[in-house]
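Asker: Got a file for you: run-v1.cif, mmCIF, C-alpha atoms.
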```cif
data_upload
loop_
_atom_site.label_atom_id
_atom_site.label_comp_id
_atom_site.auth_asym_id
_atom_site.auth_seq_id
_atom_site.Cartn_x
_atom_site.Cartn_y
_atom_site.Cartn_z
CA GLY A 1 102.16 150.89 319.39
CA THR A 2 103.11 154.20 320.88
CA LYS A 3 106.63 154.76 321.95
CA ARG A 4 106.41 155.67 325.60
CA GLY A 5 104.19 154.60 328.48
CA SER A 6 101.26 152.25 328.80
CA ILE A 7 98.13 153.88 327.40
CA ARG A 8 94.54 153.18 326.60
CA ASP A 9 93.60 151.26 323.48
CA ASP A 10 92.16 154.12 321.42
CA ASP A 11 95.41 156.04 321.84
CA MET A 12 97.52 153.28 320.29
CA LYS A 13 99.49 154.59 317.33
CA THR A 14 98.69 151.39 315.50
CA THR A 15 94.92 151.96 315.50
CA THR A 16 93.15 152.76 312.26
CA ARG A 17 92.07 156.14 313.58
CA ARG A 18 95.61 157.20 314.38
CA ARG A 19 96.98 155.94 311.09
CA ARG A 20 94.44 157.98 309.11
CA ARG A 21 95.17 161.25 310.91
CA ARG A 22 97.05 163.10 310.82
CA ARG A 23 128.64 169.50 311.91
CA ARG A 24 129.29 171.02 314.48
CA ARG A 25 128.07 174.49 313.92
CA PRO A 26 128.87 177.50 316.11
CA THR A 27 126.97 176.90 319.33
CA THR A 28 123.98 179.24 319.52
CA PRO A 29 122.94 180.75 322.88
CA LEU A 30 119.89 178.49 322.84
CA MET A 31 121.88 175.33 322.21
CA LYS A 32 124.60 176.25 324.68
CA ALA A 33 122.03 176.83 327.42
CA PHE A 34 120.28 173.63 326.44
CA LEU A 35 123.42 171.51 326.55
CA LEU A 36 124.67 173.10 329.74
CA GLY A 37 121.30 172.31 331.27
CA LEU A 38 121.92 168.69 330.42
CA GLY A 39 125.06 168.69 332.52
CA PHE A 40 127.73 169.31 329.90
CA GLY A 41 130.64 171.62 330.54
CA ALA A 42 131.40 174.70 328.56
CA THR A 43 134.73 173.45 327.21
CA LEU A 44 134.39 172.68 323.53
CA THR A 45 136.87 170.58 321.61
CA THR A 46 137.38 170.91 317.87
CA THR A 47 135.29 168.96 315.44
CA LEU A 48 138.27 167.13 314.00
CA THR A 49 139.68 166.07 317.35
CA THR A 50 136.38 164.74 318.67
CA THR A 51 135.43 163.09 315.40
CA MET A 52 138.72 161.22 315.33
CA ALA A 53 137.85 159.79 318.73
CA LEU A 54 134.35 158.67 317.84
CA GLU A 55 133.45 155.08 318.50
CA THR A 56 130.55 153.42 316.76
CA GLU A 57 128.96 150.54 318.64
CA CYS A 58 127.09 148.50 316.07
CA ASP A 59 124.35 146.99 318.22
CA VAL A 60 120.88 145.69 317.48
CA CYS A 61 118.19 148.35 317.85
CA HIS A 62 115.70 146.67 320.18
CA VAL A 63 112.99 149.22 319.53
CA ASN A 64 111.66 148.96 316.01
CA TYR A 65 108.99 151.59 315.45
CA PHE A 66 110.69 153.60 312.68
CA HIS A 67 114.12 152.37 313.66
CA LYS A 68 116.90 150.73 311.71
CA HIS A 69 117.78 147.18 312.67
CA VAL A 70 121.35 148.00 313.72
CA SER A 71 122.93 151.19 315.07
CA THR A 72 125.13 152.34 312.21
CA PRO A 73 126.10 155.80 310.93
CA THR A 74 123.31 157.91 309.43
CA PHE A 75 124.45 160.56 306.97
CA MET A 76 122.90 163.94 307.83
CA PRO A 77 123.36 166.79 305.34
CA GLY A 78 123.85 170.34 306.50
CA ASP A 79 120.17 171.28 306.43
CA VAL A 80 119.39 168.79 309.20
CA THR A 81 119.21 170.73 312.45
CA VAL A 82 118.26 168.02 314.97
CA CYS A 83 119.73 164.68 316.06
CA ARG A 84 123.08 165.46 314.44
CA GLU A 85 125.05 164.19 317.43
CA TYR A 86 123.85 160.66 316.58
CA ARG A 87 125.07 160.60 312.99
CA HIS A 88 128.06 158.33 313.70
CA GLU A 89 125.90 155.79 315.56
CA ALA A 90 122.15 155.85 315.11
CA CYS A 91 119.06 153.69 315.12
CA CYS A 92 117.23 156.45 313.22
CA THR A 93 117.10 157.01 309.48
CA LEU A 94 117.51 160.37 307.77
CA ASP A 95 113.83 160.32 306.83
CA THR A 96 112.84 159.93 310.48
CA VAL A 97 115.20 162.69 311.61
CA ARG A 98 113.67 165.12 309.14
CA LYS A 99 110.28 164.57 310.78
CA VAL A 100 111.48 164.98 314.37
CA PRO A 101 111.00 168.75 314.82
CA THR A 102 107.83 169.62 316.70
CA ALA A 103 106.30 171.30 313.66
CA MET A 104 106.42 168.00 311.73
CA ILE A 105 106.22 165.37 314.47
CA ASP A 106 102.64 164.37 313.67
CA ALA A 107 103.99 162.88 310.43
CA LEU A 108 105.58 160.21 312.62
CA TYR A 109 103.15 159.70 315.47
CA GLY A 110 99.81 161.20 314.45
CA ASP A 111 98.04 164.43 315.32
CA ASP A 112 97.72 163.71 319.03
CA TYR A 113 101.48 163.60 319.45
CA ASN A 114 101.95 167.33 319.11
CA HIS A 115 103.54 169.69 321.60
CA GLY A 116 102.24 172.78 319.83
CA LEU A 117 98.48 172.16 319.88
CA CYS A 118 97.60 175.25 321.89
CA GLU A 119 98.76 177.85 319.37
CA ASP A 120 96.04 176.64 316.98
CA VAL A 121 93.15 177.17 319.41
CA VAL A 122 90.85 179.81 317.94
CA ASP A 123 90.01 183.02 319.82
CA GLN A 124 92.53 182.36 322.62
CA ASN A 125 95.83 183.76 321.31
CA TYR A 126 97.95 181.15 323.04
CA PRO A 127 101.56 181.80 322.03
CA LYS A 128 103.61 179.38 319.96
CA ILE A 129 105.71 176.99 322.01
CA SER A 130 109.07 178.62 322.79
CA GLU A 131 112.21 177.54 320.96
CA GLU A 132 113.80 176.67 324.30
CA CYS A 133 110.98 174.31 325.22
CA GLN A 134 110.68 172.84 321.74
CA ALA A 135 114.40 172.00 321.83
CA PHE A 136 113.78 169.57 324.70
CA PHE A 137 110.85 167.83 323.01
CA ASP A 138 112.92 167.53 319.84
CA ALA A 139 115.86 166.16 321.82
CA GLU A 140 113.66 163.56 323.50
CA ASN A 141 112.36 162.46 320.11
CA CYS A 142 115.93 162.16 318.81
CA PHE A 143 116.84 160.15 321.89
CA TYR A 144 113.99 157.69 321.40
CA GLU A 145 114.48 157.28 317.67
CA CYS A 146 118.29 157.34 317.49
CA ASP A 147 119.82 156.07 320.74
CA LYS A 148 120.34 152.32 320.79
CA ASN A 149 120.35 152.33 324.59
CA VAL A 150 116.61 152.96 324.66
CA GLY A 151 116.15 149.37 323.56
CA LYS A 152 117.54 148.13 326.87
CA TRP A 153 114.49 149.57 328.60
CA ARG A 154 111.80 148.05 326.39
CA ARG A 155 109.06 146.95 328.73
CA HIS A 156 107.86 143.74 327.10
CA GLU A 157 109.89 140.76 326.03
CA ASN A 158 107.22 139.98 323.47
CA CYS A 159 107.83 142.70 320.90
CA ASN A 160 105.62 141.37 318.12
CA GLN A 161 102.63 143.68 317.91
CA GLU A 162 100.62 141.09 316.02
CA ASP A 163 100.86 138.80 319.06
CA ALA A 164 99.90 141.50 321.52
CA ASP A 165 96.71 142.28 323.39
CA PRO A 166 96.26 145.83 322.04
CA ALA A 167 94.36 146.97 325.13
CA ASN A 168 97.20 146.10 327.47
CA HIS A 169 100.36 145.71 325.46
CA ASN A 170 102.43 148.14 323.48
CA ALA A 171 105.24 146.35 321.69
CA TRP A 172 107.68 149.27 321.74
CA GLU A 173 106.82 150.67 325.15
CA VAL A 174 109.75 151.99 327.19
CA TYR A 175 109.48 151.61 330.95
CA LYS A 176 111.13 153.70 333.68
CA MET A 177 114.30 154.53 331.80
CA PRO A 178 116.32 156.76 334.19
CA ILE A 179 116.74 160.32 332.90
CA ARG A 180 119.30 162.66 334.44
CA ALA A 181 117.82 165.12 336.90
CA SER A 182 119.59 168.06 335.27
CA THR A 183 117.91 167.21 331.96
CA ALA A 184 114.45 167.04 333.52
CA ASN A 185 114.98 170.19 335.58
CA ALA A 186 116.23 172.16 332.60
CA MET A 187 113.25 171.05 330.53
CA TYR A 188 110.82 172.19 333.19
CA GLU A 189 112.49 175.57 333.43
CA ALA A 190 112.37 175.92 329.64
CA CYS A 191 108.71 174.89 329.40
CA LYS A 192 107.05 176.13 332.58
CA ASN A 193 105.76 179.32 330.93
CA ASP A 194 104.62 177.60 327.73
CA TYR A 195 101.01 176.52 327.24
CA PHE A 196 99.78 172.94 327.11
CA PRO A 197 96.43 171.14 327.33
CA ASN A 198 95.63 170.75 331.03
CA SER A 199 96.82 167.19 331.59
CA THR A 200 100.04 165.88 333.11
CA GLY A 201 100.37 163.21 330.43
CA MET A 202 100.37 163.55 326.67
CA TRP A 203 98.14 160.47 326.40
CA GLY A 204 96.15 161.34 329.50
CA SER A 205 96.51 160.49 333.15
CA GLU A 206 95.22 157.89 335.55
CA ALA A 207 93.75 160.69 337.65
CA GLY A 208 91.80 161.83 334.61
CA GLY A 209 90.57 158.34 333.83
CA TRP A 210 92.69 158.40 330.65
CA GLU A 211 90.08 160.74 329.16
CA ASP A 212 92.36 163.77 329.33
CA ALA A 213 94.86 163.12 326.56
CA TRP A 214 96.17 166.31 324.99
CA GLY A 215 94.55 165.42 321.69
CA ASP A 216 91.18 165.00 323.41
CA LEU A 217 91.38 168.27 325.33
CA VAL A 218 92.43 170.35 322.32
CA LYS A 219 90.99 169.27 318.98
CA ALA A 220 89.10 170.41 315.94
CA ASP A 221 85.33 170.70 316.08
CA ALA A 222 82.89 169.80 313.31
CA ASN A 223 83.78 173.00 311.49
CA GLY A 224 87.49 172.30 311.63
CA ASP A 225 88.17 174.98 314.25
CA VAL A 226 90.57 173.93 317.01
CA ARG A 227 88.95 174.32 320.42
CA GLY A 228 90.17 173.73 323.96
CA THR A 229 91.69 175.26 327.04
CA CYS A 230 95.39 175.41 327.76
CA VAL A 231 97.36 176.46 330.83
CA LYS A 232 100.98 177.17 331.62
CA GLY A 233 103.27 174.24 332.28
CA SER A 234 103.86 175.49 335.82
CA GLU A 235 100.15 174.92 336.50
CA ILE A 236 100.36 171.33 335.27
CA TRP A 237 103.67 170.04 336.66
CA ASP A 238 105.35 170.88 339.96
CA ASP A 239 108.93 170.45 338.78
CA GLY A 240 111.22 168.56 336.43
CA GLU A 241 110.60 165.25 338.17
CA ASP A 242 106.83 165.62 337.87
CA MET A 243 107.14 166.56 334.22
CA VAL A 244 109.53 163.87 332.99
CA GLU A 245 107.68 161.11 334.86
CA ASN A 246 104.26 162.02 333.45
CA VAL A 247 104.43 163.55 329.98
CA TRP A 248 105.36 160.19 328.40
CA GLY A 249 103.47 157.97 330.83
CA GLU A 250 105.76 155.56 332.65
CA ALA A 251 108.54 155.68 330.08
CA PHE A 252 110.99 157.66 332.20
CA LYS A 253 112.00 158.10 335.80
CA TYR A 254 113.87 161.00 337.39
CA GLU A 255 117.38 160.09 338.55
CA THR A 256 119.79 162.28 340.52
CA ASP A 257 122.78 159.93 340.15
CA SER A 258 124.60 161.00 336.97
CA THR A 259 126.32 157.62 336.73
CA LYS A 260 122.96 155.88 336.51
CA SER A 261 121.02 158.17 334.20
CA TYR A 262 120.81 159.08 330.54
CA VAL A 263 120.85 162.44 328.76
CA TRP A 264 118.79 163.43 325.74
CA SER A 265 121.51 165.32 323.92
CA PHE A 266 125.25 165.79 323.73
CA TYR A 267 127.70 167.67 321.56
CA GLU A 268 127.97 166.69 317.93
CA GLY A 269 131.41 165.17 317.41
CA GLU A 270 131.46 163.36 320.76
CA SER A 271 130.88 159.68 321.35
CA ASN A 272 127.50 158.97 322.88
CA PRO A 273 127.92 159.29 326.68
CA ASN A 274 124.86 157.10 327.19
CA ASN A 275 126.88 154.11 326.02
CA LYS A 276 128.72 154.25 329.35
CA ILE A 277 125.50 154.10 331.40
CA TYR A 278 124.34 150.63 332.46
CA GLU A 279 126.88 149.06 330.11
CA ASN A 280 126.22 145.61 331.55
CA LYS A 281 122.44 145.83 331.33
CA PRO A 282 121.42 143.25 328.74
CA TYR A 283 119.20 143.96 325.79
CA PRO A 284 115.80 142.21 325.71
CA PRO A 285 115.54 138.73 324.18
CA PHE A 286 116.34 138.38 320.49
CA SER A 287 112.80 137.27 319.74
CA CYS A 288 111.17 139.97 317.61
CA SER A 289 109.85 138.96 314.22
CA TYR A 290 112.19 141.42 312.48
CA HIS A 291 115.27 139.94 314.15
CA SER A 292 115.37 137.01 311.74
CA SER A 293 115.75 139.43 308.83
CA ILE A 294 118.88 141.12 310.17
CA ASP A 295 121.76 140.61 307.75
CA VAL A 296 124.86 140.36 309.96
CA ASP A 297 127.13 141.08 306.99
CA LYS A 298 125.43 144.32 305.93
CA PRO A 299 126.72 146.66 308.68
CA SER A 300 130.36 145.87 307.96
CA ALA A 301 129.77 145.85 304.20
CA ASP A 302 128.13 149.29 304.30
CA PHE A 303 130.29 150.81 307.05
CA ALA A 304 133.64 149.03 306.98
CA ASP A 305 135.33 151.81 308.99
CA HIS A 306 132.75 151.55 311.76
CA CYS A 307 131.38 148.01 312.07
CA PRO A 308 133.71 144.98 312.14
CA ILE A 309 132.65 141.76 310.48
CA ASP A 310 132.13 140.19 313.89
CA TRP A 311 130.06 143.03 315.40
CA HIS A 312 127.28 140.59 316.25
CA LEU A 313 129.63 138.39 318.31
CA ASP A 314 130.37 141.17 320.79
CA GLU A 315 128.91 140.16 324.13
CA THR A 316 126.87 143.37 324.36
CA SER A 317 125.67 143.56 320.73
CA GLY A 318 122.12 142.49 321.53
CA HIS A 319 122.31 139.83 318.81
CA SER A 320 121.53 136.17 319.43
CA SER A 321 125.10 135.37 318.34
CA SER A 322 126.65 137.53 321.06
CA THR A 323 129.27 135.53 322.89
CA PRO A 324 130.32 135.99 326.53
CA GLY A 325 133.91 137.17 326.74
CA VAL A 326 134.01 138.65 323.23
CA LYS A 327 134.70 142.35 323.67
CA LYS A 328 134.50 145.38 321.37
CA TYR A 329 135.96 144.04 319.14
CA ASP A 330 138.39 141.19 319.07
CA SER A 331 138.87 141.60 315.32
CA GLY A 332 140.12 145.15 315.88
CA ALA A 333 139.03 148.15 317.93
CA LYS A 334 136.51 150.09 315.93
CA THR A 335 137.28 153.62 316.88
CA VAL A 336 136.74 155.68 313.75
CA SER A 337 139.95 155.92 311.81
CA VAL A 338 141.68 159.21 311.06
CA ALA A 339 140.79 158.81 307.37
CA ALA A 340 137.15 158.21 308.21
CA ALA A 341 137.18 161.19 310.52
CA TYR A 342 138.42 163.49 307.78
CA SER A 343 135.77 162.08 305.44
CA LEU A 344 132.98 162.82 307.89
CA VAL A 345 134.17 166.36 308.41
CA ILE A 346 134.57 167.03 304.68
CA LEU A 347 131.09 165.67 303.95
CA ALA A 348 129.60 167.84 306.64
CA PHE A 349 131.15 170.97 305.16
CA LEU A 350 130.22 170.03 301.60
CA PHE A 351 126.56 169.66 302.47
CA ALA A 352 126.37 172.48 305.00
#
```
Would you give me this structure, written as structure tokens?

Answerer:
Amino acid sequence: GTKRGSIRDDDMKTTTRRRRRRRRRPTTPLMKAFLLGLGFGATLTTTLTTTMALETECDVCHVNYFHKHVSTPTFMPGDVTVCREYRHEACCTLDTVRKVPTAMIDALYGDDYNHGLCEDVVDQNYPKISEECQAFFDAENCFYECDKNVGKWRRHENCNQEDADPANHNAWEVYKMPIRASTANAMYEACKNDYFPNSTGMWGSEAGGWEDAWGDLVKADANGDVRGTCVKGSEIWDDGEDMVENVWGEAFKYETDSTKSYVWSFYEGESNPNNKIYENKPYPPFSCSYHSSIDVDKPSADFADHCPIDWHLDETSGHSSSTPGVKKYDSGAKTVSVAAAYSLVILAFLFA
């Protein structure tokens, strides 16, 4: 199923048609503006200091499209330019991260899931999507693929696609996850002058009878030439709220309360701030078919400095063995050790 809102059957990523088709670096002006737009201050701490304070929460990843089963560290060499902030705690694999940038995103989700369709339209000279706008789409993809907290907002308890009614059920659909207003507003400002197919939603809109998906409005003709009409984002969406609540269907909602909303990015070397949002919100039931294959010993065996042997007993782990009253973690607090911190930093520099 597709990763965001409820959509029509022929847009499901699981359909045959869709399957066939297609270290902390110096902060650049683009990234600084991007992160500041997400509500982060300008004060930067050193890589070593922040890495030493990192905490990895080894929880079950309750979305399982391309995801790992448990949120553990994902090694990201220096050529990886997106999702790096999640490397100490991620539901995404390195292979997935490499496909996140807009230019390669169709390798994950199919040709229709493409934010840069308009530049390929023949005889129109629509400009390429701006780097500023692309950064937000990339960040949202990292958020969905890497952040374990997304799993708390899975819409359906039944997450087995084989048991689903494909016309009405999307196993990995996210529903009304609150996104910080500053994130949505900054995205709109970054994208309002970029060109998109004339539909509020990537997979279409209710107003358009779900016949106005971006991939239906801009697509190749019989000769292989891409045809369609695109307009500026400011002509499609009124503001950040309108944009974030429509592009991905009903996946997200606009939230002005920073204590009750998530961000799509944060500084590499910092613990994930989203872990402090809705901490007591439970994960969905431990009832997916893949859950039975989770090896509870593997996270601690592979990442002894990050995941304790009793990670699954933690009351917020999302595992069926989670036990009320067991905190993070009774066998020993799993803040990354100084030795592990140095190792992470050294690896980052070696592969930069």

Asker: Need the shell around Ser292 of chain A: protein/DNA/RNA residues with any atom at most 12 Å away, counting all atoms listed in the file. Skip same-chain ones fewer than 6 positions apart. Format as a PyMOL selection string?

Answerer: chain A and resi 60+69+286+319-321

Asker: Could you write those residues out with C-alpha atoms, as an mmCIF file, in the coordinates of the input?

Answerer:
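Final output, saved to selection_15.cif:
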```cif
data_model
loop_
_atom_site.group_PDB
_atom_site.id
_atom_site.type_symbol
_atom_site.label_atom_id
_atom_site.label_comp_id
_atom_site.auth_asym_id
_atom_site.auth_seq_id
_atom_site.Cartn_x
_atom_site.Cartn_y
_atom_site.Cartn_z
ATOM 1 C CA VAL A 60 120.880 145.690 317.480
ATOM 2 C CA HIS A 69 117.780 147.180 312.670
ATOM 3 C CA PHE A 286 116.340 138.380 320.490
ATOM 4 C CA HIS A 319 122.310 139.830 318.810
ATOM 5 C CA SER A 320 121.530 136.170 319.430
ATOM 6 C CA SER A 321 125.100 135.370 318.340
#
```

Asker: What is the atom CA of Tyr254 of chain A to atom CA of Asn185 of chain A distance in Å?

Answerer: 9.4 Å

Asker: Go through A:Ala186, A:Cys191, A:Val122, A:Ala107 and flag the residue nearest Val218 of chain A, using only C-alpha atoms for the distances.

Answerer: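 Under the stated criterion, the closest residue is A:Val122.
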
Asker: Would you tabulate, counting all atoms listed in the file, all residues of segment 53-167 of chain A that have an atom at most 9 Å from an atom of segment 274-282 of chain A, showing the closest pair of atoms and their distance in Å to one decimal, sorted by chain then ascending number, as a tab-separated table?

Answerer:
```
residue	atom	partner	partner_atom	distance
A:Glu57	CA	A:Asn275	CA	8.5
A:Asp147	CA	A:Asn274	CA	8.3
A:Lys148	CA	A:Asn275	CA	8.6
A:Asn149	CA	A:Asn275	CA	6.9
A:Lys152	CA	A:Pro282	CA	6.5
```

Asker: One number please: atom CA of Phe196 of chain A to atom CA of Trp264 of chain A, in Å, one decimal.

Answerer: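 Atom CA of Trp264 of chain A lies 21.3 Å from atom CA of Phe196 of chain A.
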
Asker: May I ask for the distance between atom CA of Asp239 of chain A and atom CA of Ala139 of chain A, given in Å to one decimal place?

Answerer: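 Interatomic distance here is 18.8 Å.
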
Asker: Excluding same-chain residues fewer than 5 positions from Gly325 of chain A, what lies within 10 Å of it counting only C-alpha atoms, as a compact mmCIF listing (two decimals) with C-alpha atoms, in the frame of the given file?

Answerer:
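The file below, result-v8.txt, is the result:
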```
# COMPACT_ATOMS: atom_id res chain seq x y z
CA LEU A 313 129.63 138.39 318.31
CA ASP A 314 130.37 141.17 320.79
CA GLU A 315 128.91 140.16 324.13
CA THR A 316 126.87 143.37 324.36
CA ASP A 330 138.39 141.19 319.07
```

Asker: Please determine, counting all atoms listed in the file, which residue among A:Thr323, A:Thr256, A:Thr81, A:Thr56 has the shortest atom-to-atom distance to Ser182 of chain A.

Answerer: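 Using all atoms listed in the file, the shortest distance to Ser182 of chain A belongs to A:Thr256.
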
Asker: What would the selection look like, as a PyMOL selection string, if the PyMOL selection byres ((chain A and resi 87-102) around 8) were run on the coordinates I just shared?

Answerer: chain A and resi 54-58+61+66-76+80+82-86+103-108+114-116+134+137-138+141-142+145-148

Asker: When distances are computed from only C-alpha atoms, which of A:Tyr144, A:Val296, A:Glu255, A:Val121 shows the smallest separation from Pro308 of chain A?

Answerer: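 Checking each candidate against Pro308 of chain A, we get A:Val296 as the closest.
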
Asker: Applying the PyMOL selection byres ((chain A and resi 268) around 6) to the file I just gave you, which residues come out? Please list them as a ChimeraX atom specification.

Answerer: /A:24,85,267,269-270

Asker: Could you tell me which residues the PyMOL selection byres ((chain A and resi 306) around 6) returns for this structure, as a list in words?

Answerer: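 That expression, the PyMOL selection byres ((chain A and resi 306) around 6), corresponds here to Thr56, Phe303, Ala304, Asp305, Cys307 and Lys334 of chain A.
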
Asker: At most 6 Å from (106.7, 170.0, 330.3), file frame, all atoms listed in the file: which residues, as an NGL selection string?

Answerer: :A and (188 or 191 or 233 or 243)

Asker: With C-alpha atoms kept, could you save the residues just selected as a CSV table (one decimal), keeping the file's coordinate frame?

Answerer:
```csv
chain,number,residue,atom,x,y,z
A,188,TYR,CA,110.8,172.2,333.2
A,191,CYS,CA,108.7,174.9,329.4
A,233,GLY,CA,103.3,174.2,332.3
A,243,MET,CA,107.1,166.6,334.2
```

Asker: Measuring atom to atom with only C-alpha atoms, identify which of A:Thr200, A:Ala222, A:Asp59, A:Gly151 is nearest to Pro299 of chain A.

Answerer: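 Once distances to Pro299 of chain A are computed over only C-alpha atoms, the minimum belongs to A:Asp59.
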